[in-house]
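Remarks on the structure that follows.
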Amino acid sequence: MGNMEEEKDSGAHKTHGQHESGHEKQVEHANAGGHGQGKAHKNHVQENAKTLGVIAKEAIKEKEQPLHEHLMEISMKRSFLIPSAEIYGASSGFYDYGPIGCLIKKRIENEWRRQFLVRNGFLEIETCMVLPQIVLQASGHVGSFSDPLVECKKCKGSFRADHLVSQQTSESVQNANAQQLVEMIKKYAVLCPNCNEPTLGEVGTFNLMFKTNVGAAEGNTAYLRPETAQGIFLDFGRIFRNFGSKLPIAVGQVGRSFRNEISPRQALVRMREFTQMEIEYFFNPQNPKMENFSEIADVKMRLGEDEASAREMGASEAVAQKIIPNEIMAFFMANQQLFYERVGVPKEKFYFRVLGEKERPHYSLGNIDMEVQSSFGWIETVGNAYRTDFDLSSHAKFSKQDLSVFVEEEKKRLLPHVVEPSMGVDRLFWCVLEHTYRGKSAQKDWEWFDLPPCIAPYDAAVFPLMKKDGLAEKAQEVCRLLRENGLAINYSESGSIGKRYARADEVGVCYCITVDYDTLKDGTVTVRFRNDGGQVRFKIEELAQKISGFSREGKTSLQ
Ligand SMILES: [Zn+2]
């Protein structure tokens, strides 16, 4: 493939925040990268940019820098993110999570695990990332998991053909095939972004999977998995037999997946290595009921074909109106609604996009994505799909194994159907940063993150007022006690107490515990709440319980 677009791009990652292009252009690009380039969609992106611009204005007034660039700088300064292989110039589309980012990400994953798996008694597995070629032939990824690629005849640069067309023309590129893209490129004399000349050639396809070879002998082709879902289908038969041989059965997985994106940009939005949280819910197609549906029947969601037409309705109403195909998918969507709000994405910042029949794969009986507002435009962060028995029947055919199961009520064997809720962790992490970021204000002379306690990097921070007079020793004792109680504690004794409060705010810690001279006298400490700075004293013995309680309630202000 030679001179890929990314090569040129990779340098930019070293100096995030120094892209030449202005905000306007970035937004346009982001929009082109997503799906659903309707006219309404575009207008909304511009509006979002404005709204987010207002939010960010206080903090970045002088700089006139897009929010995502500013956040990327902060993310690197505060150990949220580190560009992978940074000392070698970084490689585009790969990010490491630094010590603080890693803590937040793990908590997001654990919250998901708790709400989606543990709470419902669903199973969790961890399957291999390297898969033999035949698995991905069966799943369809070898044949059709590709992007349209166009090469410049002059500079030999490679680009996403659909992106260039949608950036430079008003044509809709949704579902356009290679031939149609070539025609549009010719008709509008689409330019090579490097040469600024109409020097683009034919459109080819580029498979997005990373290919490798297993063992020393050649020809044993394998791929890094492009999604965690396939591992669940492969293990289905054995799990079904080992866990009661009864439908429904749900299996989830959290893990890395890999997609060799042609031109990853947009920070964590388009990555080549990323984390997914997926569930396959296997059920009898004659009985698409969800046992705990009543729990969430009234949860309100915004649903529509795009953001402009989305309207709020309850889960059961959406099923009754057949907007959501069944209770099972509605159950997962309602939980996604609650989960997103819980981890800090305000409900007016996301909606569920109902895909039209033409946008869905042929075997699907319903696809509903979640889209979240961001400074890159509306981005897809969750996909829900009613995949019928497509995956199991295909794996049955390729493996020549019988994957059907006996269903008692029907007195016959059948292939279970699946509903697949699939969530990206990294995009969610990024959206949480964007929506919890707070600029400087009259109350706080520093930028901070309004993270909910359930995903804050630490449960609390412990500080001695000063290092001397035995205060540090006492504070270390308090820190040990809390850690023994299972709390994640950040301990710091350097800098003024005001500086330490600021540093805790800057990474989203909700509670700061200070050991002072009164502590030595009466065994009490102060707890400072992040959002209003309000302080209250508690006895050391009751501290662990108090902090856990505030955290459960999501309390971030004293008042
Ligand atoms: Zn060129």
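In the structure tokens, the first chain shown is A, the next is B, and so on; residue numbers restart at 1 for each chain, and ligands run from 1 in the order shown.
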
Legend entry - Expected answer as a ChimeraX atom specification: residues within 8 Å of ligand 1, only C-alpha atoms and all ligand atoms: /A:151-157,192-197,199-200

Inset, instruction - Write out as an MDAnalysis selection string which residues come within 9 Å of Leu181 of chain A when counting only C-alpha atoms, dropping same-chain ones fewer than 6 positions away. - result: chainID A and resid 148 161:162 165 173 203

Generate the output file for the selected residues, N, CA and C atoms, as a PDB file, in the first residue's frame.
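Below is the file that was written, selection_2.pdb:
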```pdb
ATOM      1  N   PRO A 148     -13.423   1.735   1.355  1.00  0.00           N
ATOM      2  CA  PRO A 148     -12.995   2.090   0.001  1.00  0.00           C
ATOM      3  C   PRO A 148     -11.754   2.979   0.045  1.00  0.00           C
ATOM      4  N   ALA A 161     -11.813   6.942   0.112  1.00  0.00           N
ATOM      5  CA  ALA A 161     -12.507   7.542  -1.029  1.00  0.00           C
ATOM      6  C   ALA A 161     -13.810   8.213  -0.603  1.00  0.00           C
ATOM      7  N   ASP A 162     -14.573   7.535   0.279  1.00  0.00           N
ATOM      8  CA  ASP A 162     -15.868   8.099   0.694  1.00  0.00           C
ATOM      9  C   ASP A 162     -15.683   9.394   1.477  1.00  0.00           C
ATOM     10  N   VAL A 165     -14.901  12.296  -1.000  1.00  0.00           N
ATOM     11  CA  VAL A 165     -16.089  12.708  -1.758  1.00  0.00           C
ATOM     12  C   VAL A 165     -17.034  13.516  -0.876  1.00  0.00           C
ATOM     13  N   VAL A 173     -22.568   9.625   0.378  1.00  0.00           N
ATOM     14  CA  VAL A 173     -21.699   8.480   0.078  1.00  0.00           C
ATOM     15  C   VAL A 173     -22.154   7.229   0.811  1.00  0.00           C
ATOM     16  N   VAL A 203     -10.723   3.243  -7.333  1.00  0.00           N
ATOM     17  CA  VAL A 203     -11.064   2.969  -5.938  1.00  0.00           C
ATOM     18  C   VAL A 203     -10.970   1.466  -5.677  1.00  0.00           C
TER      19      VAL A 203
END
```

Legend entry - Among the residues A:Val135, A:Asn367, A:Gln174, A:Ser492, the one that comes closest to Ala222 of chain A [using only C-alpha atoms]: A:Val135

Legend entry - Contacts of segment 382-392 of chain A at 8 Å (only C-alpha atoms; same-chain gap of 6+ positions) as a ChimeraX atom specification: /A:138-139,233,325,329,333,363-371,403,415-424

Would you mind exporting the chosen residues as a short mmCIF file (atom, residue, chain, number, x, y, z; two decimals), in the first residue's frame, restricted to N, CA and C atoms?
```
data_model
loop_
_atom_site.label_atom_id
_atom_site.label_comp_id
_atom_site.auth_asym_id
_atom_site.auth_seq_id
_atom_site.Cartn_x
_atom_site.Cartn_y
_atom_site.Cartn_z
N ALA A 138 -16.17 -17.24 8.15
CA ALA A 138 -17.55 -17.56 8.54
C ALA A 138 -18.31 -16.29 8.95
N SER A 139 -17.64 -15.41 9.68
CA SER A 139 -18.32 -14.21 10.19
C SER A 139 -18.52 -13.15 9.10
N PHE A 233 -19.59 -16.44 20.17
CA PHE A 233 -20.29 -17.42 19.31
C PHE A 233 -19.53 -18.75 19.27
N PRO A 325 -37.30 -3.56 18.26
CA PRO A 325 -37.86 -4.83 17.80
C PRO A 325 -38.42 -5.74 18.89
N MET A 329 -34.01 -6.14 23.38
CA MET A 329 -33.20 -4.99 22.97
C MET A 329 -33.57 -3.75 23.80
N MET A 333 -31.14 -1.30 25.96
CA MET A 333 -31.10 0.14 25.67
C MET A 333 -31.44 0.98 26.90
N TYR A 363 -29.38 -9.71 7.24
CA TYR A 363 -29.91 -10.69 8.20
C TYR A 363 -30.51 -10.03 9.43
N SER A 364 -30.34 -8.72 9.56
CA SER A 364 -30.71 -8.05 10.80
C SER A 364 -32.20 -7.73 10.87
N LEU A 365 -32.77 -7.88 12.06
CA LEU A 365 -34.17 -7.50 12.26
C LEU A 365 -34.28 -6.22 13.10
N GLY A 366 -33.19 -5.50 13.17
CA GLY A 366 -33.23 -4.23 13.90
C GLY A 366 -31.85 -3.80 14.36
N ASN A 367 -31.48 -2.56 14.03
CA ASN A 367 -30.22 -1.99 14.53
C ASN A 367 -30.51 -0.61 15.11
N ILE A 368 -30.10 -0.40 16.33
CA ILE A 368 -30.28 0.90 16.95
C ILE A 368 -28.97 1.30 17.64
N ASP A 369 -28.39 2.38 17.17
CA ASP A 369 -27.13 2.87 17.73
C ASP A 369 -27.39 3.94 18.77
N MET A 370 -26.40 4.20 19.60
CA MET A 370 -26.47 5.40 20.41
C MET A 370 -25.48 6.39 19.83
N GLU A 371 -25.90 7.65 19.73
CA GLU A 371 -24.98 8.68 19.28
C GLU A 371 -24.85 9.75 20.37
N LEU A 403 -24.86 -26.55 15.99
CA LEU A 403 -24.93 -25.56 17.07
C LEU A 403 -26.38 -25.31 17.51
N LEU A 415 -31.90 -23.09 16.18
CA LEU A 415 -30.76 -22.20 16.39
C LEU A 415 -31.27 -20.97 17.15
N PRO A 416 -30.66 -20.66 18.27
CA PRO A 416 -31.10 -19.47 19.02
C PRO A 416 -30.89 -18.20 18.20
N HIS A 417 -31.72 -17.22 18.44
CA HIS A 417 -31.47 -15.87 17.91
C HIS A 417 -30.63 -15.10 18.92
N VAL A 418 -29.97 -14.04 18.46
CA VAL A 418 -29.23 -13.21 19.41
C VAL A 418 -29.57 -11.73 19.24
N VAL A 419 -29.60 -11.05 20.39
CA VAL A 419 -29.55 -9.59 20.42
C VAL A 419 -28.17 -9.24 20.97
N GLU A 420 -27.50 -8.33 20.27
CA GLU A 420 -26.13 -7.99 20.64
C GLU A 420 -26.00 -6.51 20.99
N PRO A 421 -25.92 -6.18 22.27
CA PRO A 421 -25.58 -4.80 22.64
C PRO A 421 -24.05 -4.69 22.72
N SER A 422 -23.51 -3.72 22.00
CA SER A 422 -22.06 -3.58 21.89
C SER A 422 -21.65 -2.15 22.20
N MET A 423 -20.75 -1.99 23.15
CA MET A 423 -20.38 -0.64 23.59
C MET A 423 -18.87 -0.46 23.48
N GLY A 424 -18.45 0.67 22.96
CA GLY A 424 -17.02 0.98 22.92
C GLY A 424 -16.61 1.70 24.19
#
```

Inset, instruction - Among the residues of segment 221-312 of chain A, find those DSSP assigns to helix (DSSP H, G or I) from the backbone and print them as a VMD selection string. - result: chain A and resid 229 to 242 267 to 269 293 to 296

Please, could you write that set of residues out with C-alpha atoms as an mmCIF file, in the first residue's frame?
```
data_model
loop_
_atom_site.group_PDB
_atom_site.id
_atom_site.type_symbol
_atom_site.label_atom_id
_atom_site.label_comp_id
_atom_site.auth_asym_id
_atom_site.auth_seq_id
_atom_site.Cartn_x
_atom_site.Cartn_y
_atom_site.Cartn_z
ATOM 1 C CA ALA A 229 -18.382 -10.954 19.731
ATOM 2 C CA GLN A 230 -17.002 -13.809 17.595
ATOM 3 C CA GLY A 231 -15.291 -15.459 20.569
ATOM 4 C CA ILE A 232 -18.661 -15.674 22.306
ATOM 5 C CA PHE A 233 -20.288 -17.415 19.309
ATOM 6 C CA LEU A 234 -17.405 -19.885 19.116
ATOM 7 C CA ASP A 235 -17.779 -20.880 22.781
ATOM 8 C CA PHE A 236 -21.580 -20.883 22.780
ATOM 9 C CA GLY A 237 -22.147 -24.649 22.450
ATOM 10 C CA ARG A 238 -19.959 -25.631 25.375
ATOM 11 C CA ILE A 239 -21.198 -22.823 27.624
ATOM 12 C CA PHE A 240 -24.817 -23.746 26.839
ATOM 13 C CA ARG A 241 -24.237 -27.393 27.818
ATOM 14 C CA ASN A 242 -22.248 -26.479 30.948
ATOM 15 C CA ALA A 267 -8.191 11.074 19.295
ATOM 16 C CA LEU A 268 -9.986 8.121 20.895
ATOM 17 C CA VAL A 269 -12.859 8.184 18.422
ATOM 18 C CA PHE A 293 -38.249 -6.074 31.682
ATOM 19 C CA SER A 294 -40.666 -4.522 34.210
ATOM 20 C CA GLU A 295 -37.664 -3.025 36.060
ATOM 21 C CA ILE A 296 -36.936 -0.699 33.151
#
```

Inset, instruction - Work out how far apart atom CA of His68 of chain A and atom CA of Ser375 of chain A are and give it in Å to one decimal. - result: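 Separation between atom CA of His68 of chain A and atom CA of Ser375 of chain A: 6.1 Å.
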
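In this comparison, which uses only C-alpha atoms, the residue of A:Leu117, A:Leu520, A:Val372, A:Leu123 approaching Pro346 of chain A most closely is A:Val372.
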
Legend entry - Exercise: segment 252-261 of chain A partners within 10 Å, only C-alpha atoms, chain neighbours under 4 positions left out, as a PyMOL selection string: chain A and resi 6+92-93+109-110+112-113+116-117+122-130+145-147+160+206-211+223-229+231-232+265+270-281+420-425

Inset, instruction - Work out how far apart atom CA of Asn287 of chain A and atom CA of Glu359 of chain A are and give it in Å to one decimal. - result: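 Distance reported for this atom pair: 26.3 Å.
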
Inset, instruction - Would you please work out which residue, of A:Asp426, A:Glu69, A:Glu473, A:Glu357, is nearest to Cys102 of chain A when using only C-alpha atoms? - result: A:Asp426

Inset, instruction - Write out as a VMD selection string the residues lying within 7 Å of Ile100 of chain A, counting only C-alpha atoms and excluding same-chain residues fewer than 4 positions away. - result: chain A and resid 79 to 80 104 457

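The interatomic distance for the pair atom CA of Lys411 of chain A and atom CA of Pro288 of chain A works out to 17.2 Å.
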
Inset, instruction - Assign secondary structure with DSSP using the backbone only, and return the residues of segment 318-498 of chain A in strand (DSSP E or B) as a PyMOL selection string. - result: chain A and resi 350-354+367-374+377-388+405-407+412-414+417-424+437-438+448-449+460-464+489-491

Find the residues near segment 543-552 of chain A: any atom within 8 Å, counting only C-alpha atoms, skip ones fewer than 6 places away on the same chain, and give them as a short mmCIF file (atom, residue, chain, number, x, y, z; two decimals) with C-alpha atoms, in the first residue's frame.
```
data_model
loop_
_atom_site.label_atom_id
_atom_site.label_comp_id
_atom_site.auth_asym_id
_atom_site.auth_seq_id
_atom_site.Cartn_x
_atom_site.Cartn_y
_atom_site.Cartn_z
CA PRO A 453 -17.78 9.20 42.21
CA CYS A 454 -18.34 5.75 40.65
CA ASP A 459 -12.35 7.10 46.07
CA ALA A 460 -10.65 9.91 48.02
CA LEU A 482 -8.99 3.42 54.21
CA ASN A 485 -11.21 -1.02 53.78
CA LEU A 487 -10.90 2.18 49.04
CA TYR A 511 -13.40 13.86 48.32
#
```

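The closest residue to Lys347 of chain A, picked from A:Val150, A:Leu71, A:Ile323, A:Val299 and counting only C-alpha atoms, is A:Val299.
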